Structure formats: structure tokens, C-alpha cells
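**Student:** Pasting in a structure now, in C-alpha cells, and then I'll have a few things to ask.
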Amino acid sequence: MKTVFSGIQPSGNLTLGNYIGAIKNFVTLQNEYKCNFSVVDLHAITVPQDPAALQEQSEAVASIYIAAGIDPGKANVYMQSHVRQHAQLGWLLTTLTSMGELERMTQFKDKSAGKESVGAGLFVYPSLMAADILLYNTDLVPVGEDQKQHLELTRDLAGRFNSRYGEYFTLPEPYIPEVGARIMSLDDASKKMSKSNPNPGSAIALLDTPDEIRKKISRATTDSGREVKYDPANKPEVSNLITIYSQCAGLSIAEVEQRYEGQMYGPFKKDLAEAVVGLLEPIQQRYRDIRESGEIRSIMRQGAERASEVAERTLQDVQKLMGFLPE
Ligand code: TYM
């Protein structure tokens, strides 16, 4: 059976962008692939995190995975730090990565821009991400558009390892949805919707109340036109809202356009808010049930145990190929 790996950082409240670009596809892929869905805490600490908040967000992300429909009987759900081999392989791959490659990463450039002091962890982040993926000889990596460059580096590192030490790693393919791979901010359609944006009005959090969702959508920026038309170059705000609608209501872009032909933005936004609420309410109900049940820790423990078996085998093989003395 082919293998999937993906991860989400517990570095803030998950947004509708995370759901549409990533989690939604995790749920679909779990039926056809051996899946590993991790909460990547080692990545989150590449920027400062408050310890209590990190703990809460870690449990929240894992619970959202389950609430969104990931079945722990099919997929491994676990904390990255609980499977120690991630950090170990991360180091080995860091030694194969060049400074120039890391300097070219746009996520690093964005996150370090204007900062006086930038942590070294933020710089080597992509090598750790490559380790996450390669530990499981992953075939497919469901991610949003912003992770594409990291995936390319992962493939380069896998190829470099194979040519230096012998064919071992599978070259993973990105799985980036055709629609919804880059959901934009509600207040600025030139920026992606992000859990780390300090303006709460910019993003719909998966745990926002129905009223918060309605308010945010009614205030979302549009344009001075009046056509509900998908045209990202000229109507980026409205196009983003159409994308969100299509993904939440299970309609194609053309179907959304047709439905609102000749109508103004007001009724479109109202229905959009109800489509988002309709999608998120049942997820939120399941989320509350999971948090109350206290089950998530044992789900993650079991996931980590199963993932560790594969991860340990890979690490041992890699160490042997690289010439490490056996223990
Ligand atoms: P993170 O935590 O920033 O985001 C998690 C996932 O959500 C996607 N995403 C979006 N998709 C569409 N529109 C948006 N506005 C949007 N914002 C976020 C991201 O592309 C991602 O798929 N480096 C990763 C975490 C990671 C990882 C991995 C992913 C670490 N190791 C190995 C895959 C495989 C990250 O920062 O994702």
C-alpha cells in the first residue's frame, strides 16, 4: 500500500485555509493510502512559542484531525516529538542540505524578513520537513500551494542521498488541490489566510462561533464591482470568496457563478456564511466531544507507536548506508 505523510504546525488556531488546502484531502486519502498525519511541534518551535499555549494547541490540532473525519483506525495521528526519529533523520539530512538551498526558501525569507535575530531552526526547517516525509518512504504529500518549494527540496535531498549512498528513498509527489490550494486573507487578497496573522478578521478559525463567522464574512473585502465572477487577476477578493464557497458547499466554481448570476454581493456573502457554518458546526460538535472524552492522548500514543516502528527501520537503514557503526 502506498504511503501518505503530512503535518500541521500547532502554532495558532487552525484556519479554513488549513482545512481546504490540507485536512479535507487527508480525510479523502486515508481510504486509499497508509496515512501518517502528524502535529509537527518540532517545527512550531522554530519561532518562539509559549509552553502552555503550545501544549493546548497541540492537543487542539490532533483533536481537529479526528473531528474533521480522520479515522485513527486507518491513519496514524501523532505528535512529531513523540517519534524521536524525526529529529534524528532531520539532522542527517541537514548535513546533505546546502546553505544556498535554504536561503532560497520563500517561507524562510518571509518569516525572517525585517527580524533582527533569526533562529537557526527556522533556517534548517526544510531539512526537518524532508525527514518527516522520507522517514516513511512517502509516496504522496497532501499540502497547500505554499509548501510546494519545500517538497521540491525534499525530492532533491532524496535524490542526493540515493546517488551518494545507494538507491533507498522514494521521491515523494506533492498532492496539491486544483481548487483551494491557496485560500487568501479576508482583509487582503494578496496574502494567504494564515493562523499567524494577528488580525483575527483576516481568517476564519475552524473553531469560530457561527456569529463570528457571519461577521467576518460580511466584513470581508470585495471590490467596487457587482458581479459574482471568478477572475483572480482582476477580482482577487471575490474569486477567493467563490473558491471558499465552492469548497464548503461541494460545488464547482462555475456552479457558484451560475447560482449568483445577476445578483449582488450581499446575498452571495450571506449564503457563503451559511455554507461555512454548515461545514464547521458538525466538526466543532465532534471536536468538543473529543476534547471532553480525553481520548486524544491515547489515540496519539497509539499513532506514535505504530509510526515509530517504520521510522526506526528507516533510520537504521539510513545510518547503515551512511557508514555509522552499528550499536
Ligand atoms: P502549516 O502548519 O503552515 O499549514 C498546514 C497545511 O495547511 C496548508 N495551508 C493552506 N492551504 C490553503 N490555503 C491557505 N491559506 C493555507 N494555509 C496553510 C499548508 O500548505 C499545509 O499543507 N511546513 C508545513 C508543516 C509540515 C509538513 C511536513 C507538511 C512540516 N512537515 C511534512 C507536509 C509534510 C507548514 O508549515 O504547514
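Chain labels follow the order of the C-alpha cells: the first chain is A, the next B, and so on; residue numbering restarts at 1 in every chain, and ligands are counted from 1 in their shown order.
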Between chain A and ligand 1, at 7 Å or less, what are the per-residue closest atom pairs and their distances in Å? Count only C-alpha atoms and all ligand atoms, order by chain and rising residue number, and return it as a tab-separated table.
**Tutor:**
residue	atom	partner	partner_atom_place_in_ligand_line	distance
A:Phe5	CA	ligand 1	34 (C)	5.9
A:Ser6	CA	ligand 1	33 (C)	3.9
A:Gly7	CA	ligand 1	27 (C)	4.2
A:Ile8	CA	ligand 1	2 (O)	3.8
A:Gln9	CA	ligand 1	2 (O)	3.8
A:Pro10	CA	ligand 1	2 (O)	6.9
A:Gly17	CA	ligand 1	14 (C)	3.8
A:Asn18	CA	ligand 1	7 (O)	3.7
A:Tyr19	CA	ligand 1	7 (O)	6.8
A:Ile20	CA	ligand 1	12 (C)	6.0
A:Gly21	CA	ligand 1	11 (N)	3.4
A:Ala22	CA	ligand 1	22 (O)	4.8
A:Val40	CA	ligand 1	30 (C)	5.7
A:His43	CA	ligand 1	30 (C)	6.2
A:Met129	CA	ligand 1	31 (N)	4.0
A:Ala130	CA	ligand 1	32 (C)	6.7
A:Asp132	CA	ligand 1	32 (C)	5.4
A:Ile133	CA	ligand 1	32 (C)	5.5
A:Val141	CA	ligand 1	34 (C)	6.0
A:Pro142	CA	ligand 1	22 (O)	6.4
A:Val143	CA	ligand 1	22 (O)	3.3
A:Gly144	CA	ligand 1	20 (O)	3.1
A:Glu145	CA	ligand 1	20 (O)	5.6
A:Asp146	CA	ligand 1	20 (O)	5.0
A:Gln147	CA	ligand 1	20 (O)	5.1
A:Gly180	CA	ligand 1	12 (C)	5.8
A:Ala181	CA	ligand 1	12 (C)	4.3
A:Arg182	CA	ligand 1	13 (N)	3.6
A:Ile183	CA	ligand 1	13 (N)	3.8
A:Met184	CA	ligand 1	15 (N)	5.4
A:Lys192	CA	ligand 1	15 (N)	4.5
A:Met193	CA	ligand 1	15 (N)	3.9
A:Ser194	CA	ligand 1	17 (N)	5.4
**Student:** Identify, on the basis of only C-alpha atoms, every residue whose closest approach to A:Phe108 does not exceed 12 Å; exclude the query and any residue fewer than 3 positions from it along the same chain; express the result as JSON, numbers by chain.
**Tutor:** {"A": [46, 47, 101, 102, 103, 104, 105, 111, 112, 113, 114, 115, 118, 119, 120, 121, 122, 123, 124, 125, 126, 146, 147, 149, 150]}
**Student:** Counting only C-alpha atoms, which of A:Tyr78, A:Tyr260, A:Tyr33, A:Tyr65 gets nearest to A:Arg301?
**Tutor:**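 Ranked by minimum distance to A:Arg301, first place goes to A:Tyr78.
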**Student:** Neighbours of A:Ile66 within 12 Å (only C-alpha atoms; same-chain residues fewer than 3 positions away dropped), as a ChimeraX atom specification?
**Tutor:** /A:23-24,26-27,30,37-38,59-63,69-78,283-291,295-296,299-300
**Student:** Keeping only N, CA and C atoms, write the selected residues as a tab-separated table (two decimals), in the first residue's frame.
**Tutor:**
chain	number	residue	atom	x	y	z
A	23	ILE	N	-6.44	19.47	5.35
A	23	ILE	CA	-7.17	18.46	6.13
A	23	ILE	C	-8.25	17.74	5.32
A	24	LYS	N	-8.96	18.51	4.50
A	24	LYS	CA	-10.02	17.93	3.68
A	24	LYS	C	-9.47	16.77	2.82
A	26	PHE	N	-6.70	15.08	3.51
A	26	PHE	CA	-6.24	13.99	4.37
A	26	PHE	C	-7.37	12.97	4.52
A	27	VAL	N	-8.57	13.52	4.75
A	27	VAL	CA	-9.72	12.66	5.02
A	27	VAL	C	-10.01	11.76	3.81
A	30	GLN	N	-7.17	8.89	3.28
A	30	GLN	CA	-6.98	7.82	4.26
A	30	GLN	C	-7.60	6.49	3.82
A	37	PHE	N	-0.50	11.33	9.83
A	37	PHE	CA	-0.81	12.75	9.98
A	37	PHE	C	-0.27	13.22	11.32
A	38	SER	N	0.73	14.07	11.25
A	38	SER	CA	1.44	14.46	12.45
A	38	SER	C	1.12	15.89	12.85
A	59	GLU	N	-2.84	19.61	21.38
A	59	GLU	CA	-3.99	18.75	21.60
A	59	GLU	C	-5.15	19.18	20.72
A	60	ALA	N	-5.27	20.50	20.51
A	60	ALA	CA	-6.35	21.02	19.67
A	60	ALA	C	-6.19	20.55	18.23
A	61	VAL	N	-4.97	20.62	17.69
A	61	VAL	CA	-4.78	20.22	16.28
A	61	VAL	C	-5.09	18.73	16.11
A	62	ALA	N	-4.58	17.92	17.03
A	62	ALA	CA	-4.84	16.47	16.91
A	62	ALA	C	-6.35	16.20	17.00
A	63	SER	N	-7.03	16.93	17.88
A	63	SER	CA	-8.48	16.71	18.04
A	63	SER	C	-9.23	17.17	16.78
A	69	GLY	N	-12.72	14.12	10.54
A	69	GLY	CA	-13.05	12.85	9.88
A	69	GLY	C	-11.88	11.89	9.71
A	70	ILE	N	-10.73	12.20	10.27
A	70	ILE	CA	-9.63	11.24	10.19
A	70	ILE	C	-9.92	10.12	11.18
A	71	ASP	N	-9.82	8.90	10.68
A	71	ASP	CA	-10.15	7.73	11.48
A	71	ASP	C	-8.85	7.15	12.03
A	72	PRO	N	-8.67	7.21	13.37
A	72	PRO	CA	-7.40	6.73	13.93
A	72	PRO	C	-7.19	5.21	13.75
A	73	GLY	N	-8.24	4.53	13.33
A	73	GLY	CA	-8.10	3.11	13.00
A	73	GLY	C	-7.45	2.93	11.63
A	74	LYS	N	-7.50	3.96	10.80
A	74	LYS	CA	-6.93	3.87	9.46
A	74	LYS	C	-5.61	4.62	9.38
A	75	ALA	N	-5.56	5.79	9.99
A	75	ALA	CA	-4.39	6.66	9.85
A	75	ALA	C	-3.70	6.84	11.20
A	76	ASN	N	-2.39	7.01	11.18
A	76	ASN	CA	-1.66	7.32	12.41
A	76	ASN	C	-1.72	8.82	12.65
A	77	VAL	N	-2.24	9.19	13.82
A	77	VAL	CA	-2.27	10.60	14.24
A	77	VAL	C	-1.35	10.71	15.44
A	78	TYR	N	-0.35	11.56	15.36
A	78	TYR	CA	0.63	11.60	16.47
A	78	TYR	C	1.41	12.90	16.50
A	283	ILE	N	-18.23	19.69	12.69
A	283	ILE	CA	-16.82	19.45	13.07
A	283	ILE	C	-16.59	19.96	14.49
A	284	GLN	N	-17.15	21.14	14.78
A	284	GLN	CA	-16.97	21.71	16.11
A	284	GLN	C	-17.65	20.87	17.19
A	285	GLN	N	-18.80	20.31	16.86
A	285	GLN	CA	-19.50	19.46	17.82
A	285	GLN	C	-18.65	18.23	18.14
A	286	ARG	N	-18.12	17.60	17.10
A	286	ARG	CA	-17.27	16.42	17.32
A	286	ARG	C	-16.00	16.81	18.07
A	287	TYR	N	-15.49	18.00	17.76
A	287	TYR	CA	-14.28	18.49	18.44
A	287	TYR	C	-14.53	18.58	19.96
A	288	ARG	N	-15.66	19.17	20.31
A	288	ARG	CA	-15.97	19.30	21.75
A	288	ARG	C	-16.10	17.93	22.40
A	289	ASP	N	-16.75	16.99	21.69
A	289	ASP	CA	-16.91	15.64	22.24
A	289	ASP	C	-15.54	14.99	22.49
A	290	ILE	N	-14.64	15.14	21.54
A	290	ILE	CA	-13.32	14.52	21.66
A	290	ILE	C	-12.53	15.13	22.81
A	291	ARG	N	-12.59	16.47	22.90
A	291	ARG	CA	-11.85	17.12	24.00
A	291	ARG	C	-12.40	16.67	25.34
A	295	GLU	N	-9.85	11.35	25.13
A	295	GLU	CA	-9.31	10.21	24.39
A	295	GLU	C	-8.07	10.52	23.56
A	296	ILE	N	-7.86	11.80	23.27
A	296	ILE	CA	-6.89	12.14	22.23
A	296	ILE	C	-5.47	11.71	22.58
A	299	ILE	N	-5.05	8.12	21.62
A	299	ILE	CA	-5.03	8.00	20.15
A	299	ILE	C	-3.64	8.36	19.64
A	300	MET	N	-3.09	9.45	20.18
A	300	MET	CA	-1.76	9.90	19.72
A	300	MET	C	-0.67	8.92	20.14
**Student:** Extract, using only C-alpha atoms, all DNA, RNA and protein residues at most 12 Å from stretch 89-92 of chain A, discarding same-chain residues fewer than 3 positions from it, and format them as a ChimeraX atom specification.
**Tutor:** /A:42-43,80-81,83-86,95-97,121,124-136,154,157-158,161,311-319,321-324
